[in-house]
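Participant: One structure, pasted below without further comment.
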Amino acid sequence: MKMRLSPLLALATALTAAPVALAVEGGMQEAGRQLFSHHCTACHSLDSSENAFGPSLFGVVDRPAASVPRFAYSKAMETSGITWSEDNLRKWIADNEALVPGTRMRHVAISDPAEQDYLISFLRSLK
Ligand code: HEC
């Protein structure tokens with residue numbers, strides 16, 4: 001297909017913003033995937049139907065806490081009444097004991113906001 005140069009350029013200019021945003025998002029997810037395998041994979045499966053030492057985290061973003069079937073949550077988690085919003089996920093990753101005192105999850109303490117962004121971006125991509 002032949003195209004005149006100027007419409008092509010106009011199109012390229014118009015589209016520039018979107019691919020850049022996508023590339024950034026992809027990079028964040030990739031960074032999050034690496035953080036996840038370093039800090040979380042030992043206990044969490046990403047398979048929707050599989051629980052490990054911790055519950056599956058497939059689709060966890062915006063899900064109510066303690067809602068994965070067949071996982072034995074702590075009483076603390078079952079009665080927490082929270083939803084895994086970005087804000088709560090951030091608090092959880094930074095200091096899970098402070099967000100849900102009495103949780104069975106070991107302390108992870110990822111306090112760097114950039115690392116939290118990457119992890120949440122990765123978790124959000126799992127659906
Ligand atoms: C040593 C094992 C272990 C590690 C490492 C771990 N978790 Fe967990 N996680 C658990 C357990 C056990 C629970 C259930 C806690 C409870 O019932 O109190 C849990 C619960 C959760 C929940 C709540 C899920 C739900 O269905 O309500 C989230 C979100 C979560 N973990 C995220 C993470 C992330 C992100 C990481 C890595 C930064 C991580 N966890 C690392 C064991 C772990």
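Chain labels run A, B, ... following the order of the structure tokens; each chain numbers its residues from 1, and ligands are numbered from 1 in the order shown.
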Need the shell around Glu30 (chain A): protein/DNA/RNA residues with any atom at most 8 Å away, counting only C-alpha atoms. Skip same-chain ones fewer than 4 positions apart. Format as a list in words?

Facilitator: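 Counting only the stated atoms, we get Gly26, Gln34, Tyr118 and Phe122 of chain A.
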
Participant: Include N, CA, C and O atoms and write out the residues we just selected as a JSON list (two decimals), in the first residue's frame.

Facilitator:
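Saved to selection_29.json:
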```json
[["chain", "number", "residue", "atom", "x", "y", "z"],
["A", 26, "GLY", "N", 4.81, -1.65, 29.92],
["A", 26, "GLY", "CA", 5.42, -2.98, 29.74],
["A", 26, "GLY", "C", 6.69, -3.12, 30.56],
["A", 26, "GLY", "O", 6.93, -4.16, 31.17],
["A", 34, "GLN", "N", 9.91, -9.41, 37.94],
["A", 34, "GLN", "CA", 11.18, -9.81, 38.56],
["A", 34, "GLN", "C", 11.12, -9.66, 40.08],
["A", 34, "GLN", "O", 11.57, -10.53, 40.82],
["A", 118, "TYR", "N", 5.90, -1.05, 40.47],
["A", 118, "TYR", "CA", 6.19, -2.15, 39.54],
["A", 118, "TYR", "C", 5.39, -3.39, 39.92],
["A", 118, "TYR", "O", 4.79, -4.04, 39.06],
["A", 122, "PHE", "N", 2.44, -5.15, 37.72],
["A", 122, "PHE", "CA", 2.50, -6.57, 37.36],
["A", 122, "PHE", "C", 1.24, -7.31, 37.82],
["A", 122, "PHE", "O", 0.61, -8.04, 37.05]]
```

Participant: Name the residues, by chain letter and number, that sit within 8 Å of ligand 1 using only C-alpha atoms and all ligand atoms, and give them as an MDAnalysis selection string.

Facilitator: chainID A and resid 35:36 38:44 53:57 60:61 63:68 72:78 83:84 89 92:93 100 102:110 119:120 123

Participant: In Å, with one decimal, what is the gap from CA of Arg124 (chain A) to CA of Gly27 (chain A)?

Facilitator: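 Here the two named atoms are 13.6 Å from each other.
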
Participant: Please run DSSP on the backbone and report, as a PyMOL selection string, all residues within chain A that come out as alpha helix (DSSP H).

Facilitator: chain A and resi 5-39+75-78+86-99+113-124

Participant: Which polymer residues have any atom within 8 Å of an atom of Ser121 (chain A), counting only C-alpha atoms, with same-chain residues fewer than 3 positions away left out, as an NGL selection string?

Facilitator: :A and (25 or 28-29 or 32 or 117-118 or 124-125)
